[in-house]
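Chemist: Have a look at this one before I ask anything.
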Amino acid sequence: MHLATDQLFKWSAVVSGIDLQEVTLVFAASNGDPVLAVNHVSLQIPEGQFVAIVGPSGCGKTTIMNMLAGIIRPTLGSVKRDGVEVTEPSLDVGYMLARSALYPWRTARRNVEVPLEVRGIPKSQRRQKANELLKLVKLDDFANKFPAQLSQGMRQRVAIARTLAINPKLWLLDEPFSALDAQTRITVQNEFLGLWENSGSTVILVTHDLAEAVLLADRVVVMTARPGKIKYDIEIDIPRPRRVDELIDNPRFQELESMIWRELRDELI
Amino acid sequence: MTNSSDQARELTPGEKIIAEWRAPTRAQQLYKSLEPMAQLGKLLVILAFIVLWWQTYEQGWINPSFIGSPSGVWTWFVDNWDNGEVWRDIRVTLSEAFWGWILGSSTGLLAGLVVARYRFLWKITSPLFTFFNAVPRTALAPIFILWFGIAQTGKILLAASIVFFIVMIPTRAAADMVDPDLDMVMITMGGTERHRFLKVTLPSVLTSVFGAIRLASVWALLGASYAELFGAKYGLGLRYIAATNVLNMSEAFAVTAVIAFLAIIINALVGLLEKRLMRWQSNSTKGSVLTI
């Protein structure tokens with residue numbers, strides 16, 4: 001196949017993955033005062049990596065996610081995906097929040113269908129795809145239930161299925177497991193790991209929960225208190241596939257967790 | 001493996017309650033759902049009210065020519081239940097109320113959504129809306145007679161002018177309070193402005209304002225009947241004013257009762273529609289402690 005030379009040139013210049021260069025974000029507080037939310041952050045994330053960002057409340061974690069999602073633009077610096085500046089929401093990014101944010105007037109299945117509707121996929125295909133995805137998160141028996149009829153854990157699994165429907169190349173997870181009780185959390189985390197491992201997609205997980213960060217991610221980035229800067233960046237060399245429940249008493253996990261905890265502790269005071 | 005020992009084991013008191021539980025029969029369930037004591041209570045209250053009314057009339061506590069007697073109202077109902085003219089009046093008033101409700105709700109909903117979407121527009125138009133909302137709409141009835149004559153148009157518009165604000169004010173508030181997470185998820189999924197409106201804002205707003213739309217349906221009936229008092233070709237309001245003009249208190253009271261019955265029926269019907277549309281809300285199956 002023949003390729004135009006400028007196209008070849010463009011491809012060679014492309015760095016695959018995420019590239020934050022000297023990103024600064026200043027937002028106006030409600031009284032009009034400028035607030036420095038993200039302070040000169042540079043971060044590169046290769047494609048397929050699972051990165052956890054931990055840091056105290058208000059350190060700008062969610063702000064970074066919103067920039068990656070294309071909802072807000074940095075005041076200074078650049079946010080690039082695969083070498084292209086992120087300027088608007090992209091169809092291959094899946095964003096999950098702490099609250100499942102399901103549409104309460106839609107059944108589980110019709111919630112999973114939402115991203116497919118947005119993409120203009122015909123009804124019968126949507127329905128079939130949604131049913132398959134609900135099966136993946138083991139909720140096929142609850143397809144016709146409304147969110148109010150589901151437990152917290154089930155709702156978050158529906159949200160996972162909905163995000164899967166996007167078939168995301170990039171997952172932005174903003175504390176998606178934090179609202180779940182301890183046991184449900186482990187189940188849902190394991191389920192997510194099972195679905196993600198070998199998918200080749202990139203994951204950025206924002207969390208307060210250090211154990212969660214170490215258990216799930218390939219790499220943990222620690223941010224300072226506001227204004228948020230990157231303080232510490234460490235690889236988690238625990239082999240995959242992982243199972244959260246089996247790792248709890250893994251010595252390497254405990255070692256890494258206490259190492260990162262020492263870094264994070266200084267930021268809490 | 002533990003099965004055999006489980007069966008041999010004596011039941012705990014709690015397990016016994018569960019084991020001995022007998023589901024109520026259909027007849028028992030029906031009896032319970034009918035709440036016979038409450039029905040009896042309702043009947044007694046209504047009876048007491050009629051007795052009080054009847055005594056007021058009989059004893060002359062209020063000048064009897066100013067109030068209808070229970071028997072007079074009853075006689076009116078018996079005489080007029082198959083009176084085509086009464087039914088025509090009901091149809092006329094109901095159709096005015098219906099169209100006033102539809103017109104007022106749809107424009108109120110639209111206006112509320114528009115001013116919520118374009119905040120600047122709300123900033124500059126809010127004094128006008130506040131003013132018109134403060135205008136006693138009932139005072140417009142004679143003016144509408146001037147503008148539209150005694151045709152139905154004026155009644156529909158009066159009803160609509162009441163309904164409009166009942167729906168618009170909460171619509172604007174509800175559109176401002178759409179769960180930002182729901183909107184954000186739609187944006188990140190690639191939803192356009194149109195998707196956000198149709199799949200997030202509109203359903204959220206309808207959920208919040210359906211109560212107001214239901215309330216407005218009753219106000220539409222009252223507005224239409226009221227407008228008829230000032231001049232109409234047909235309608236319950238006209239029948240009422242005609243009856244009071246000749247001191248036919250039985251008919252006046254009976255017509256009032258008819259309007260009230262219609263309001264109750266409308267409210268119940270729209271309530272059924274609401275229940276059907278909002279069935280996703282009825283979730284929690286609350287229990288209670290079983291006492292022995």
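Chain identifiers are assigned as A, B, and so on, following the order in which chains appear in the structure tokens; residues are numbered from 1 within each chain, and ligands are numbered from 1 in order of appearance.
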Would you write out, as CSV, a table of all residues in chain A that have an atom no more than 12 Å from an atom of chain B, listing for each the closest atom pair and the distance in Å to one decimal, considering only C-alpha atoms and ordering rows by chain and rising residue number?
Modeler:
```
residue,atom,partner,partner_atom,distance
A:Met65,CA,B:Thr188,CA,11.1
A:Asn66,CA,B:Thr188,CA,9.2
A:Met67,CA,B:Thr188,CA,11.2
A:Leu68,CA,B:Thr188,CA,10.4
A:Ala69,CA,B:Thr188,CA,6.6
A:Gly70,CA,B:Thr188,CA,8.0
A:Ile71,CA,B:Thr188,CA,7.6
A:Ile72,CA,B:Thr188,CA,11.3
A:Glu88,CA,B:Gly190,CA,9.0
A:Pro89,CA,B:Thr188,CA,5.6
A:Ser90,CA,B:Gly190,CA,6.3
A:Leu91,CA,B:Gly190,CA,5.5
A:Asp92,CA,B:Met189,CA,8.4
A:Val93,CA,B:Thr188,CA,7.3
A:Gly94,CA,B:Met189,CA,6.9
A:Tyr95,CA,B:Thr188,CA,6.5
A:Met96,CA,B:Val185,CA,7.8
A:Leu97,CA,B:Asp181,CA,8.0
A:Ala98,CA,B:Asp181,CA,9.8
A:Arg99,CA,B:Asp181,CA,8.0
A:Ser100,CA,B:Asp181,CA,8.9
A:Ala101,CA,B:Leu182,CA,5.4
A:Leu102,CA,B:Leu182,CA,7.1
A:Tyr103,CA,B:Leu182,CA,6.9
A:Pro104,CA,B:Trp280,CA,7.0
A:Trp105,CA,B:Trp280,CA,5.7
A:Arg106,CA,B:Trp280,CA,7.7
A:Thr107,CA,B:Trp280,CA,8.2
A:Ala108,CA,B:Trp280,CA,11.2
A:Arg110,CA,B:Lys199,CA,11.4
A:Asn111,CA,B:Lys199,CA,10.7
A:Val112,CA,B:Met189,CA,11.4
A:Glu113,CA,B:Met189,CA,11.2
A:Val114,CA,B:Met186,CA,8.3
A:Pro115,CA,B:Met189,CA,5.8
A:Leu116,CA,B:Met189,CA,9.2
A:Glu117,CA,B:His195,CA,9.1
A:Val118,CA,B:Gly191,CA,5.7
A:Arg119,CA,B:Gly190,CA,8.1
A:Gly120,CA,B:Gly191,CA,10.7
A:Asn144,CA,B:Trp280,CA,10.6
A:Lys145,CA,B:Trp280,CA,8.5
A:Phe146,CA,B:Trp280,CA,5.8
A:Pro147,CA,B:Trp280,CA,8.1
A:Ala148,CA,B:Asn283,CA,5.7
A:Gln149,CA,B:Asn283,CA,5.6
A:Leu150,CA,B:Asn283,CA,9.2
A:Ser151,CA,B:Ser284,CA,11.3
A:Ala159,CA,B:Val185,CA,10.2
A:Arg162,CA,B:Met189,CA,9.6
A:Thr163,CA,B:Met189,CA,8.4
A:Leu164,CA,B:Met189,CA,11.2
A:Ala165,CA,B:Met189,CA,10.0
A:Ile166,CA,B:Met189,CA,7.5
A:Asn167,CA,B:Met189,CA,10.9
A:Pro168,CA,B:Met189,CA,10.0
A:Leu170,CA,B:Thr188,CA,11.8
A:Trp171,CA,B:Thr188,CA,11.1
A:Leu172,CA,B:Thr188,CA,10.1
A:Asp174,CA,B:Asp181,CA,11.8
```
Chemist: Write the residues you've just listed into a file as a PDB file, in the first residue's frame, and include C-alpha atoms for each of them.
Modeler:
```pdb
ATOM      1  CA  MET A  65      -8.226  13.819  34.615  1.00  0.00           C
ATOM      2  CA  ASN A  66     -10.583  16.486  33.301  1.00  0.00           C
ATOM      3  CA  MET A  67      -7.797  17.867  31.123  1.00  0.00           C
ATOM      4  CA  LEU A  68      -7.113  14.402  29.746  1.00  0.00           C
ATOM      5  CA  ALA A  69     -10.825  13.944  29.098  1.00  0.00           C
ATOM      6  CA  GLY A  70     -10.828  17.169  27.120  1.00  0.00           C
ATOM      7  CA  ILE A  71     -13.354  18.879  29.368  1.00  0.00           C
ATOM      8  CA  ILE A  72     -10.970  21.653  30.445  1.00  0.00           C
ATOM      9  CA  GLU A  88     -12.276  18.110  23.211  1.00  0.00           C
ATOM     10  CA  PRO A  89     -13.787  14.889  24.590  1.00  0.00           C
ATOM     11  CA  SER A  90     -12.770  11.909  22.548  1.00  0.00           C
ATOM     12  CA  LEU A  91     -14.930   8.894  21.721  1.00  0.00           C
ATOM     13  CA  ASP A  92     -12.284   6.383  22.836  1.00  0.00           C
ATOM     14  CA  VAL A  93     -11.949   7.670  26.403  1.00  0.00           C
ATOM     15  CA  GLY A  94     -13.967   6.073  29.194  1.00  0.00           C
ATOM     16  CA  TYR A  95     -14.448   8.184  32.300  1.00  0.00           C
ATOM     17  CA  MET A  96     -15.728   6.644  35.523  1.00  0.00           C
ATOM     18  CA  LEU A  97     -16.609   8.548  38.682  1.00  0.00           C
ATOM     19  CA  ALA A  98     -16.920   7.619  42.352  1.00  0.00           C
ATOM     20  CA  ARG A  99     -20.664   7.789  42.015  1.00  0.00           C
ATOM     21  CA  SER A 100     -21.887   5.465  39.324  1.00  0.00           C
ATOM     22  CA  ALA A 101     -23.706   8.385  37.637  1.00  0.00           C
ATOM     23  CA  LEU A 102     -26.220   6.049  36.041  1.00  0.00           C
ATOM     24  CA  TYR A 103     -29.331   7.638  34.578  1.00  0.00           C
ATOM     25  CA  PRO A 104     -31.969   6.766  37.198  1.00  0.00           C
ATOM     26  CA  TRP A 105     -34.818   6.701  34.686  1.00  0.00           C
ATOM     27  CA  ARG A 106     -33.086   4.094  32.526  1.00  0.00           C
ATOM     28  CA  THR A 107     -32.799   0.393  33.238  1.00  0.00           C
ATOM     29  CA  ALA A 108     -29.351  -1.150  33.639  1.00  0.00           C
ATOM     30  CA  ARG A 110     -30.523   1.105  28.671  1.00  0.00           C
ATOM     31  CA  ASN A 111     -27.795   2.787  30.734  1.00  0.00           C
ATOM     32  CA  VAL A 112     -25.183   0.606  29.068  1.00  0.00           C
ATOM     33  CA  GLU A 113     -26.711   1.585  25.736  1.00  0.00           C
ATOM     34  CA  VAL A 114     -26.138   5.317  26.247  1.00  0.00           C
ATOM     35  CA  PRO A 115     -22.648   5.563  24.693  1.00  0.00           C
ATOM     36  CA  LEU A 116     -23.867   3.386  21.826  1.00  0.00           C
ATOM     37  CA  GLU A 117     -26.834   5.719  21.277  1.00  0.00           C
ATOM     38  CA  VAL A 118     -24.452   8.656  21.174  1.00  0.00           C
ATOM     39  CA  ARG A 119     -22.537   6.826  18.456  1.00  0.00           C
ATOM     40  CA  GLY A 120     -25.713   6.292  16.471  1.00  0.00           C
ATOM     41  CA  ASN A 144     -34.268  -4.652  33.294  1.00  0.00           C
ATOM     42  CA  LYS A 145     -33.804  -3.273  36.799  1.00  0.00           C
ATOM     43  CA  PHE A 146     -33.578   0.436  37.473  1.00  0.00           C
ATOM     44  CA  PRO A 147     -30.496   1.783  39.340  1.00  0.00           C
ATOM     45  CA  ALA A 148     -32.588   2.399  42.456  1.00  0.00           C
ATOM     46  CA  GLN A 149     -33.266  -1.344  42.561  1.00  0.00           C
ATOM     47  CA  LEU A 150     -29.562  -2.261  42.462  1.00  0.00           C
ATOM     48  CA  SER A 151     -26.932  -2.296  45.197  1.00  0.00           C
ATOM     49  CA  ALA A 159     -21.039   1.777  35.079  1.00  0.00           C
ATOM     50  CA  ARG A 162     -21.258   1.240  30.198  1.00  0.00           C
ATOM     51  CA  THR A 163     -17.629   2.346  29.984  1.00  0.00           C
ATOM     52  CA  LEU A 164     -16.712  -0.940  28.286  1.00  0.00           C
ATOM     53  CA  ALA A 165     -19.325  -0.145  25.639  1.00  0.00           C
ATOM     54  CA  ILE A 166     -17.113   2.755  24.587  1.00  0.00           C
ATOM     55  CA  ASN A 167     -14.323   0.219  24.064  1.00  0.00           C
ATOM     56  CA  PRO A 168     -11.949   2.776  25.534  1.00  0.00           C
ATOM     57  CA  LEU A 170      -7.929   5.203  27.731  1.00  0.00           C
ATOM     58  CA  TRP A 171      -9.727   4.643  31.034  1.00  0.00           C
ATOM     59  CA  LEU A 172      -9.950   7.594  33.382  1.00  0.00           C
ATOM     60  CA  ASP A 174     -11.762   8.888  39.373  1.00  0.00           C
TER      61      ASP A 174
END
```
Chemist: Could you list, as an MDAnalysis selection string, every residue within 12 Å of B:Ser225, counting only C-alpha atoms and ignoring same-chain residues fewer than 2 positions away?
Modeler: chainID B and resid 89:98 100 138 141 152 154:156 158:159 218:223 227:232 234:241 255:256 258:260 262:263
Chemist: For the selection just defined, write its residues with N, CA and C atoms to a file, as a short mmCIF file (atom, residue, chain, number, x, y, z; two decimals), in the first residue's frame.
Modeler:
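Done, and the output landed in result.cif:
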```cif
data_model
loop_
_atom_site.label_atom_id
_atom_site.label_comp_id
_atom_site.auth_asym_id
_atom_site.auth_seq_id
_atom_site.Cartn_x
_atom_site.Cartn_y
_atom_site.Cartn_z
N ASP B 89 -72.07 21.43 29.17
CA ASP B 89 -71.29 22.40 29.95
C ASP B 89 -70.02 21.77 30.50
N ILE B 90 -70.17 20.53 30.99
CA ILE B 90 -68.99 19.83 31.51
C ILE B 90 -67.95 19.67 30.41
N ARG B 91 -68.41 19.24 29.22
CA ARG B 91 -67.48 19.04 28.09
C ARG B 91 -66.77 20.33 27.74
N VAL B 92 -67.55 21.42 27.69
CA VAL B 92 -66.97 22.71 27.30
C VAL B 92 -65.89 23.13 28.30
N THR B 93 -66.23 23.10 29.59
CA THR B 93 -65.27 23.53 30.61
C THR B 93 -64.03 22.63 30.62
N LEU B 94 -64.28 21.32 30.49
CA LEU B 94 -63.15 20.39 30.48
C LEU B 94 -62.23 20.63 29.29
N SER B 95 -62.80 20.91 28.14
CA SER B 95 -61.94 21.10 26.97
C SER B 95 -61.13 22.38 27.11
N GLU B 96 -61.75 23.42 27.69
CA GLU B 96 -60.98 24.66 27.94
C GLU B 96 -59.83 24.39 28.90
N ALA B 97 -60.16 23.64 29.97
CA ALA B 97 -59.13 23.34 30.97
C ALA B 97 -58.01 22.51 30.34
N PHE B 98 -58.41 21.53 29.53
CA PHE B 98 -57.42 20.64 28.92
C PHE B 98 -56.47 21.42 28.03
N GLY B 100 -55.96 24.62 27.95
CA GLY B 100 -55.20 25.59 28.75
C GLY B 100 -54.03 24.93 29.44
N THR B 138 -56.66 36.19 37.85
CA THR B 138 -58.12 36.22 37.86
C THR B 138 -58.63 37.60 37.42
N ALA B 141 -59.58 38.12 33.73
CA ALA B 141 -60.76 37.52 33.10
C ALA B 141 -61.65 38.53 32.37
N GLN B 152 -64.35 30.37 23.58
CA GLN B 152 -63.52 29.55 24.47
C GLN B 152 -62.07 30.04 24.54
N GLY B 154 -60.57 32.82 25.17
CA GLY B 154 -60.21 33.60 26.35
C GLY B 154 -60.05 32.73 27.59
N LYS B 155 -60.92 31.71 27.71
CA LYS B 155 -60.87 30.82 28.88
C LYS B 155 -59.61 29.96 28.83
N ILE B 156 -59.32 29.49 27.62
CA ILE B 156 -58.12 28.65 27.46
C ILE B 156 -56.89 29.47 27.83
N LEU B 158 -56.68 32.13 29.74
CA LEU B 158 -56.61 32.45 31.17
C LEU B 158 -56.06 31.25 31.95
N ALA B 159 -56.61 30.07 31.63
CA ALA B 159 -56.11 28.85 32.29
C ALA B 159 -54.62 28.70 32.00
N VAL B 218 -55.24 20.84 37.81
CA VAL B 218 -56.39 21.26 38.61
C VAL B 218 -56.60 22.77 38.50
N TRP B 219 -55.50 23.51 38.51
CA TRP B 219 -55.61 24.96 38.36
C TRP B 219 -56.18 25.36 37.01
N ALA B 220 -55.89 24.56 35.99
CA ALA B 220 -56.44 24.85 34.66
C ALA B 220 -57.96 24.77 34.70
N LEU B 221 -58.48 23.76 35.41
CA LEU B 221 -59.94 23.60 35.53
C LEU B 221 -60.53 24.79 36.29
N LEU B 222 -59.90 25.15 37.38
CA LEU B 222 -60.41 26.27 38.17
C LEU B 222 -60.34 27.57 37.36
N GLY B 223 -59.23 27.75 36.65
CA GLY B 223 -59.07 28.96 35.83
C GLY B 223 -60.14 29.06 34.76
N ALA B 227 -63.07 31.90 34.53
CA ALA B 227 -63.18 32.81 33.39
C ALA B 227 -64.61 32.80 32.84
N GLU B 228 -65.28 31.67 32.95
CA GLU B 228 -66.65 31.57 32.42
C GLU B 228 -67.63 32.43 33.21
N LEU B 229 -67.30 32.73 34.45
CA LEU B 229 -68.20 33.54 35.27
C LEU B 229 -68.45 34.90 34.61
N PHE B 230 -67.47 35.37 33.85
CA PHE B 230 -67.56 36.72 33.30
C PHE B 230 -68.21 36.78 31.94
N GLY B 231 -68.69 35.63 31.51
CA GLY B 231 -69.35 35.62 30.22
C GLY B 231 -68.86 34.47 29.40
N ALA B 232 -69.80 33.65 28.97
CA ALA B 232 -69.46 32.49 28.15
C ALA B 232 -70.72 32.07 27.43
N TYR B 234 -71.28 28.59 26.83
CA TYR B 234 -71.61 27.42 27.65
C TYR B 234 -70.52 27.23 28.68
N GLY B 235 -70.81 26.35 29.66
CA GLY B 235 -69.77 26.02 30.62
C GLY B 235 -70.30 26.00 32.03
N LEU B 236 -69.56 25.32 32.90
CA LEU B 236 -70.01 25.17 34.29
C LEU B 236 -70.00 26.50 35.03
N GLY B 237 -69.02 27.35 34.72
CA GLY B 237 -68.94 28.66 35.37
C GLY B 237 -70.17 29.48 35.04
N LEU B 238 -70.55 29.42 33.78
CA LEU B 238 -71.74 30.16 33.35
C LEU B 238 -72.99 29.62 34.06
N ARG B 239 -73.11 28.29 34.12
CA ARG B 239 -74.25 27.67 34.79
C ARG B 239 -74.32 28.10 36.26
N TYR B 240 -73.14 28.18 36.87
CA TYR B 240 -73.06 28.57 38.28
C TYR B 240 -73.55 30.01 38.47
N ILE B 241 -73.00 30.92 37.65
CA ILE B 241 -73.36 32.33 37.84
C ILE B 241 -74.83 32.55 37.52
N VAL B 255 -73.29 22.58 41.16
CA VAL B 255 -72.28 22.84 40.13
C VAL B 255 -70.90 22.93 40.76
N THR B 256 -70.83 23.58 41.92
CA THR B 256 -69.55 23.65 42.64
C THR B 256 -69.04 22.25 42.93
N VAL B 258 -69.77 19.55 41.28
CA VAL B 258 -69.35 18.92 40.02
C VAL B 258 -67.93 19.34 39.68
N ILE B 259 -67.64 20.64 39.82
CA ILE B 259 -66.28 21.12 39.52
C ILE B 259 -65.26 20.45 40.43
N ALA B 260 -65.64 20.33 41.71
CA ALA B 260 -64.71 19.69 42.65
C ALA B 260 -64.48 18.23 42.28
N LEU B 262 -64.71 16.91 39.33
CA LEU B 262 -63.87 16.87 38.12
C LEU B 262 -62.40 17.09 38.49
N ALA B 263 -62.16 18.04 39.42
CA ALA B 263 -60.78 18.32 39.83
C ALA B 263 -60.15 17.08 40.45
#
```
Chemist: Show me, as a short mmCIF file (atom, residue, chain, number, x, y, z; two decimals) with N, CA and C atoms, in the first residue's frame, the residues that have an atom within 10 Å of stretch 72-83 of chain B when counting only C-alpha atoms, minus same-chain residues fewer than 6 positions from it.
Modeler:
```cif
data_model
loop_
_atom_site.label_atom_id
_atom_site.label_comp_id
_atom_site.auth_asym_id
_atom_site.auth_seq_id
_atom_site.Cartn_x
_atom_site.Cartn_y
_atom_site.Cartn_z
N ASN B 248 -80.85 30.28 42.87
CA ASN B 248 -81.05 28.83 42.86
C ASN B 248 -79.83 28.19 43.51
N MET B 249 -79.86 28.19 44.85
CA MET B 249 -78.68 27.77 45.59
C MET B 249 -78.39 26.29 45.44
N SER B 250 -79.43 25.50 45.27
CA SER B 250 -79.21 24.07 45.08
C SER B 250 -78.35 23.82 43.85
N GLU B 251 -78.70 24.48 42.75
CA GLU B 251 -77.94 24.29 41.53
C GLU B 251 -76.52 24.85 41.68
N ALA B 252 -76.40 26.03 42.30
CA ALA B 252 -75.08 26.63 42.47
C ALA B 252 -74.17 25.70 43.26
N PHE B 253 -74.71 25.16 44.35
CA PHE B 253 -73.90 24.23 45.17
C PHE B 253 -73.57 22.96 44.39
N ALA B 254 -74.57 22.48 43.66
CA ALA B 254 -74.35 21.24 42.91
C ALA B 254 -73.27 21.44 41.85
N VAL B 255 -73.29 22.58 41.16
CA VAL B 255 -72.28 22.84 40.13
C VAL B 255 -70.90 22.93 40.76
N ALA B 257 -69.97 21.38 43.36
CA ALA B 257 -69.57 20.01 43.66
C ALA B 257 -69.09 19.30 42.41
N VAL B 258 -69.77 19.55 41.28
CA VAL B 258 -69.35 18.92 40.02
C VAL B 258 -67.93 19.34 39.68
#
```
Chemist: Taking only stretch 33-134 of chain A into account, list the residues labelled helix (DSSP H, G or I) by DSSP (computed from the backbone), as a ChimeraX atom specification.
Modeler: /A:61-68,108-112,114-118,123-134
Chemist: Apply DSSP to the backbone of this structure and, from stretch 14-246 of chain A, keep only the residues in strand (DSSP E or B); write these as number ranges by chain.
Modeler: A: 18-28, 34-45, 50-54, 76-81, 84-85, 93-96, 170-174, 202-207, 219-223, 228, 230-235
Chemist: Store the residues picked out above, limited to C-alpha atoms, as an mmCIF file, in the first residue's frame.
Modeler:
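To be explicit, this is the file written out as out-v2.cif:
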```cif
data_model
loop_
_atom_site.group_PDB
_atom_site.id
_atom_site.type_symbol
_atom_site.label_atom_id
_atom_site.label_comp_id
_atom_site.auth_asym_id
_atom_site.auth_seq_id
_atom_site.Cartn_x
_atom_site.Cartn_y
_atom_site.Cartn_z
ATOM 1 C CA ILE A 18 -0.030 10.347 27.064
ATOM 2 C CA ASP A 19 2.257 13.317 27.370
ATOM 3 C CA LEU A 20 1.714 16.133 29.871
ATOM 4 C CA GLN A 21 4.306 18.856 29.375
ATOM 5 C CA GLU A 22 4.707 21.480 32.092
ATOM 6 C CA VAL A 23 1.005 21.645 32.716
ATOM 7 C CA THR A 24 -0.254 24.451 34.941
ATOM 8 C CA LEU A 25 -3.874 25.115 35.712
ATOM 9 C CA VAL A 26 -5.179 28.217 37.389
ATOM 10 C CA PHE A 27 -8.884 28.431 38.033
ATOM 11 C CA ALA A 28 -10.969 31.259 39.407
ATOM 12 C CA PRO A 34 -7.117 32.792 41.145
ATOM 13 C CA VAL A 35 -6.232 29.386 42.590
ATOM 14 C CA LEU A 36 -3.221 27.395 41.447
ATOM 15 C CA ALA A 37 -4.656 23.892 41.134
ATOM 16 C CA VAL A 38 -1.933 22.134 39.137
ATOM 17 C CA ASN A 39 1.625 23.404 39.304
ATOM 18 C CA HIS A 40 4.020 22.645 36.498
ATOM 19 C CA VAL A 41 3.310 18.960 36.092
ATOM 20 C CA SER A 42 5.059 16.845 33.500
ATOM 21 C CA LEU A 43 4.077 13.206 33.120
ATOM 22 C CA GLN A 44 4.488 10.645 30.373
ATOM 23 C CA ILE A 45 2.374 7.519 30.301
ATOM 24 C CA PHE A 50 -1.971 1.279 34.417
ATOM 25 C CA VAL A 51 -1.016 4.363 36.419
ATOM 26 C CA ALA A 52 -2.408 5.290 39.807
ATOM 27 C CA ILE A 53 -2.237 8.896 40.954
ATOM 28 C CA VAL A 54 -2.420 9.333 44.715
ATOM 29 C CA LEU A 76 -0.123 26.706 30.518
ATOM 30 C CA GLY A 77 1.620 23.729 28.999
ATOM 31 C CA SER A 78 0.328 20.986 26.768
ATOM 32 C CA VAL A 79 -1.711 17.826 27.176
ATOM 33 C CA LYS A 80 -1.208 15.390 24.328
ATOM 34 C CA ARG A 81 -2.516 11.961 23.445
ATOM 35 C CA VAL A 84 -2.042 15.252 19.393
ATOM 36 C CA GLU A 85 -3.173 18.072 21.677
ATOM 37 C CA VAL A 93 -11.949 7.670 26.403
ATOM 38 C CA GLY A 94 -13.967 6.073 29.194
ATOM 39 C CA TYR A 95 -14.448 8.184 32.300
ATOM 40 C CA MET A 96 -15.728 6.644 35.523
ATOM 41 C CA LEU A 170 -7.929 5.203 27.731
ATOM 42 C CA TRP A 171 -9.727 4.643 31.034
ATOM 43 C CA LEU A 172 -9.950 7.594 33.382
ATOM 44 C CA LEU A 173 -11.028 6.258 36.760
ATOM 45 C CA ASP A 174 -11.762 8.888 39.373
ATOM 46 C CA THR A 202 -4.227 2.621 29.208
ATOM 47 C CA VAL A 203 -5.674 3.253 32.674
ATOM 48 C CA ILE A 204 -5.260 6.284 34.903
ATOM 49 C CA LEU A 205 -6.715 5.720 38.336
ATOM 50 C CA VAL A 206 -7.078 8.560 40.793
ATOM 51 C CA THR A 207 -7.435 7.327 44.352
ATOM 52 C CA ARG A 219 3.077 2.570 38.451
ATOM 53 C CA VAL A 220 2.144 4.926 41.269
ATOM 54 C CA VAL A 221 2.534 8.692 41.066
ATOM 55 C CA VAL A 222 2.385 10.641 44.334
ATOM 56 C CA MET A 223 1.289 14.273 44.168
ATOM 57 C CA GLY A 228 -0.256 19.855 43.029
ATOM 58 C CA ILE A 230 4.513 15.307 41.207
ATOM 59 C CA LYS A 231 6.567 14.265 44.189
ATOM 60 C CA TYR A 232 7.302 10.618 43.676
ATOM 61 C CA ASP A 233 6.961 8.182 40.803
ATOM 62 C CA ILE A 234 7.460 4.470 41.362
ATOM 63 C CA GLU A 235 7.064 1.276 39.327
#
```
Chemist: Neighbours of A:Leu210 within 8 Å (only C-alpha atoms; same-chain residues fewer than 5 positions away dropped), as a list in words?
Modeler: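 Final neighbour list, sorted by chain and number: Val54, Glu257, Ile260 and Trp261 of chain A.
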Chemist: Provide the atom CA of A:Glu175 to atom CA of B:Leu198 distance in Å, to one decimal place.
Modeler: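 Distance between the two atoms: 28.1 Å.
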